[in-house]
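Below is one structure, written out as structure tokens, with a few remarks after it.
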Amino acid sequence: MRFDVVISGGRVLDGTGAPPCRADVGITGDRVTAVGRLDGAEAASEIDASGRLVAPGFVDCHVHGDAVVFDPAVQLAALRQGVTTFVLGQDGLSFAPGSAETVAYASRYFAAVNGPLREGPLSVAELLDGYDRAVAVNTAYLLPHGTIRYDVMGASPAPASRDDLALMLAAVERGLSEGAVGLSSGLEYLPGRYADAEELAELCRPLGGLPYVTHMRAYGARAGIGLGEVVEIAERSGAAVHVSHLHGPADVLLPLLDEVGANVDLTFDTYPYLRSSTILAMMVLPPTVPAADTAKALATLRSGELDAWWPGLAQTWPRLTISHAPGLEWAEGLTVVAAAEREGVEPAEFCRRLLVETRLEAGCVAARPDEGPEGEESVRRVLRHPSHTGGSDGIYVGGHPHPRGFGAFARFLGRHVRELGDWTWEQAAVHLSSHPARRFGLTDRGLLRPGFAADVVVFDPLTVADRATYETPRAPAAGVDDVLVSGERVLAAGELTGATPGRALRSRSAG
């Protein structure tokens, strides 16, 4: 028996839900070629996994690495958690497909989320080609509905005409043929907010089993509104659906999930934190402000038209921590209240100034009203649902981001498996590897079995843990020291090897 790599002495979690068993893993090229007792096998390289668990690489179902995945620090953050695949193009906004104007819009509007990439025009094929073997992790891409809508209709809030729909549908079909693994929407962002269920259902028709992935119109206690629209879109189109970063009271969510799941092919991701993170404009501006048109929005902010609006946010200011403030970096890591005090102004005035001076590019971390023991218990109950898949919603932009991009998957393992027992180790491999791989049509990933891609994580079940906190959000996780992507070692002894074997994973429908 000859292999390029043998991982020996560990306990294997194969991703099927079977309990861990003592086995070796043999890898040849970019494939797993044997799983079992490989005593006496010859290998060019051997990894001693004694005392550790060996699992299929984790799939981050919701992460905003679209531009920053090229940063070695981001790759390290992912790999130190065992994440080997990023699903990009989330929340209906990313860089392709689009004209130069569209790419510039997506870059500007979501600057605090995705970061800057490069100038357009840009097709899905070109974007994927840029990722392929250029980074240490795999990348898969969702077609962003808001980007496509902007490319056809600009910032218009009008309903899509038949001609508009035809153009958008052609873009979806072309993007799928170039390798996209689904369609995403962001129905609290612009211009996705302007779309109705009929428009979204029409664009879902070509998906052919790939998922419609949605940042819904409502979450928390109002999640029934968002899920009701999800059901309508699924019933109109026949699409499978995946709900992004589902959060809220478990007593509300769990009955809804069971009711919807009885009639719709439904999955969802959620991250193990109570605070959220997004662009500041979405958190504080009323729907009447045309934030998709930066010039008009800035004129509104400067005009005083919102003077009657700001007092209603008095309870919001203490919950907002500034994560990204280009030109005002001193404020990153401070709450809006603390930053305002430093400047000697009211929080509303500081927020208005922050939005104007960053041209709406500011980002924030937001404490939710349910933060506390009840919220924590809801997170635990929701992530135990069988339709759950792991997602970090990681945002890496700014001087003080949310810690979830650096710790979510390690937190799943260290806190929710080892400490709390919310999952067994074998259930964790299903939630974080095989289940998401199936959902996004990554048919040769998510399991450790012969013939599958050799994306493999070796971790210590006694020490794996997140170390990133709200105060120190960029601390890499602990306990994951060896990771392979497509058969190449990308993390050794907890450090990057410099190899960039990450594949741009294209759907089976790609031409």
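All residue names refer to the structure tokens as shown: chains lettered A, B, ... in order, residues numbered from 1 in each chain, ligands numbered from 1 in order.
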
>> At a cut-off of 8 Å, using only C-alpha atoms, what residues contact Cys204 (chain A)? Leave out same-chain residues fewer than 6 positions from it and give the result as a PyMOL selection string.
In response: chain A and resi 183+212+237+239

Residues of the last selection are to be written out with N, CA and C atoms, as a PDB file, in the first residue's frame.
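Ended up saving to out-v3.pdb:
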ATOM      1  N   LEU A 183     -28.789  30.550  -5.260  1.00  0.00           N
ATOM      2  CA  LEU A 183     -29.155  31.965  -5.373  1.00  0.00           C
ATOM      3  C   LEU A 183     -29.389  32.498  -3.975  1.00  0.00           C
ATOM      4  N   TYR A 212     -32.226  28.058  -2.726  1.00  0.00           N
ATOM      5  CA  TYR A 212     -32.479  29.486  -2.564  1.00  0.00           C
ATOM      6  C   TYR A 212     -32.093  29.817  -1.126  1.00  0.00           C
ATOM      7  N   SER A 237     -41.902  28.162  -6.794  1.00  0.00           N
ATOM      8  CA  SER A 237     -40.766  27.807  -7.649  1.00  0.00           C
ATOM      9  C   SER A 237     -40.371  26.339  -7.598  1.00  0.00           C
ATOM     10  N   ALA A 239     -38.262  25.340  -5.373  1.00  0.00           N
ATOM     11  CA  ALA A 239     -36.864  25.368  -4.944  1.00  0.00           C
ATOM     12  C   ALA A 239     -36.697  24.826  -3.532  1.00  0.00           C
TER      13      ALA A 239
END

I'd like a table as CSV: residues in region 57-82 of chain A with an atom no more than 8 Å from region 462-480 of chain A, each row giving the shortest atom pair and its distance in Å to one decimal, only C-alpha atoms counted, sorted by chain and rising residue number.
residue,atom,partner,partner_atom,distance
A:Leu76,CA,A:Pro476,CA,7.5
A:Ala77,CA,A:Pro476,CA,5.5
A:Leu79,CA,A:Val480,CA,7.7
A:Arg80,CA,A:Val480,CA,5.3
A:Gln81,CA,A:Ala477,CA,6.1
A:Gly82,CA,A:Val480,CA,6.4

With C-alpha atoms kept, could you save the residues just selected as a short mmCIF file (atom, residue, chain, number, x, y, z; two decimals), in the first residue's frame?
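Writing done, so here's out37.cif:
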data_model
loop_
_atom_site.label_atom_id
_atom_site.label_comp_id
_atom_site.auth_asym_id
_atom_site.auth_seq_id
_atom_site.Cartn_x
_atom_site.Cartn_y
_atom_site.Cartn_z
CA LEU A 76 -5.53 31.05 9.16
CA ALA A 77 -8.65 32.06 11.10
CA LEU A 79 -8.26 26.68 9.14
CA ARG A 80 -7.59 26.97 12.87
CA GLN A 81 -11.29 26.09 13.23
CA GLY A 82 -11.17 23.23 10.71
#

> What lies within 12 Å of Thr300 (chain A) using only C-alpha atoms, ignoring chain neighbours under 5 positions off, as a PyMOL selection string?
Replying inline: chain A and resi 285-286+288-291+293-295+305-307+352+355-356

>> Give me the residues near Gly186 (chain A) as a ChimeraX atom specification, where near means some atom within 7 Å (using only C-alpha atoms) and where sequence neighbours in that chain fewer than 3 positions away do not count.
In response: /A:91-92,146,189,192-193,214-216

>> Between A:Val5, A:Leu448, A:Ala453, A:Ala73, which residue has the minimum interatomic distance to Ala18 (chain A), considering only C-alpha atoms?
In response: A:Leu448

> At what distance in Å, to one decimal, does CA of Asp265 (chain A) lie from CA of Leu128 (chain A)?
Replying inline: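 According to the coordinates, CA of Leu128 (chain A) and CA of Asp265 (chain A) are separated by 27.4 Å.
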
Any chance you could tabulate, as JSON lines, the residues of region 362-456 of chain A at most 12 Å from region 246-261 of chain A with each one's nearest atom pair and distance in Å to one decimal, using only C-alpha atoms, in chain and rising number order?
{"residue": "A:Arg368", "atom": "CA", "partner": "A:Gly248", "partner_atom": "CA", "distance": 9.7}
{"residue": "A:Pro369", "atom": "CA", "partner": "A:Gly248", "partner_atom": "CA", "distance": 10.2}
{"residue": "A:Asp370", "atom": "CA", "partner": "A:Gly248", "partner_atom": "CA", "distance": 8.1}
{"residue": "A:Glu371", "atom": "CA", "partner": "A:Gly248", "partner_atom": "CA", "distance": 10.4}
{"residue": "A:Gly372", "atom": "CA", "partner": "A:Pro249", "partner_atom": "CA", "distance": 11.8}
{"residue": "A:Pro373", "atom": "CA", "partner": "A:Pro249", "partner_atom": "CA", "distance": 11.5}
{"residue": "A:Glu374", "atom": "CA", "partner": "A:Pro249", "partner_atom": "CA", "distance": 8.1}
{"residue": "A:Gly375", "atom": "CA", "partner": "A:Pro249", "partner_atom": "CA", "distance": 6.9}
{"residue": "A:Glu376", "atom": "CA", "partner": "A:Pro249", "partner_atom": "CA", "distance": 9.6}
{"residue": "A:Glu377", "atom": "CA", "partner": "A:Ala250", "partner_atom": "CA", "distance": 8.0}
{"residue": "A:Ser378", "atom": "CA", "partner": "A:Ala250", "partner_atom": "CA", "distance": 4.6}
{"residue": "A:Val379", "atom": "CA", "partner": "A:His247", "partner_atom": "CA", "distance": 7.3}
{"residue": "A:Arg380", "atom": "CA", "partner": "A:Ala250", "partner_atom": "CA", "distance": 8.7}
{"residue": "A:Arg381", "atom": "CA", "partner": "A:Ala250", "partner_atom": "CA", "distance": 6.4}
{"residue": "A:Val382", "atom": "CA", "partner": "A:Ala250", "partner_atom": "CA", "distance": 6.1}
{"residue": "A:Leu383", "atom": "CA", "partner": "A:Leu246", "partner_atom": "CA", "distance": 9.6}
{"residue": "A:Arg384", "atom": "CA", "partner": "A:Leu254", "partner_atom": "CA", "distance": 10.2}
{"residue": "A:His385", "atom": "CA", "partner": "A:Leu254", "partner_atom": "CA", "distance": 7.9}
{"residue": "A:Pro386", "atom": "CA", "partner": "A:Asp258", "partner_atom": "CA", "distance": 10.1}
{"residue": "A:Ser387", "atom": "CA", "partner": "A:Gly261", "partner_atom": "CA", "distance": 8.5}
{"residue": "A:His388", "atom": "CA", "partner": "A:Leu246", "partner_atom": "CA", "distance": 9.4}
{"residue": "A:Thr389", "atom": "CA", "partner": "A:Leu246", "partner_atom": "CA", "distance": 10.5}
{"residue": "A:Gly390", "atom": "CA", "partner": "A:Leu246", "partner_atom": "CA", "distance": 10.9}
{"residue": "A:Gly391", "atom": "CA", "partner": "A:Leu246", "partner_atom": "CA", "distance": 10.0}
{"residue": "A:Ser392", "atom": "CA", "partner": "A:Leu246", "partner_atom": "CA", "distance": 11.4}
{"residue": "A:Asp393", "atom": "CA", "partner": "A:Leu246", "partner_atom": "CA", "distance": 10.7}

> Using only C-alpha atoms, which of A:Trp425, A:Tyr150, A:Phe452, A:Tyr219 sits nearest Ala34 (chain A)?
Replying inline: A:Phe452

> What lies within 6 Å of Val241 (chain A) using only C-alpha atoms, ignoring chain neighbours under 3 positions off, as number ranges by chain?
Replying inline: A: 211-213, 266
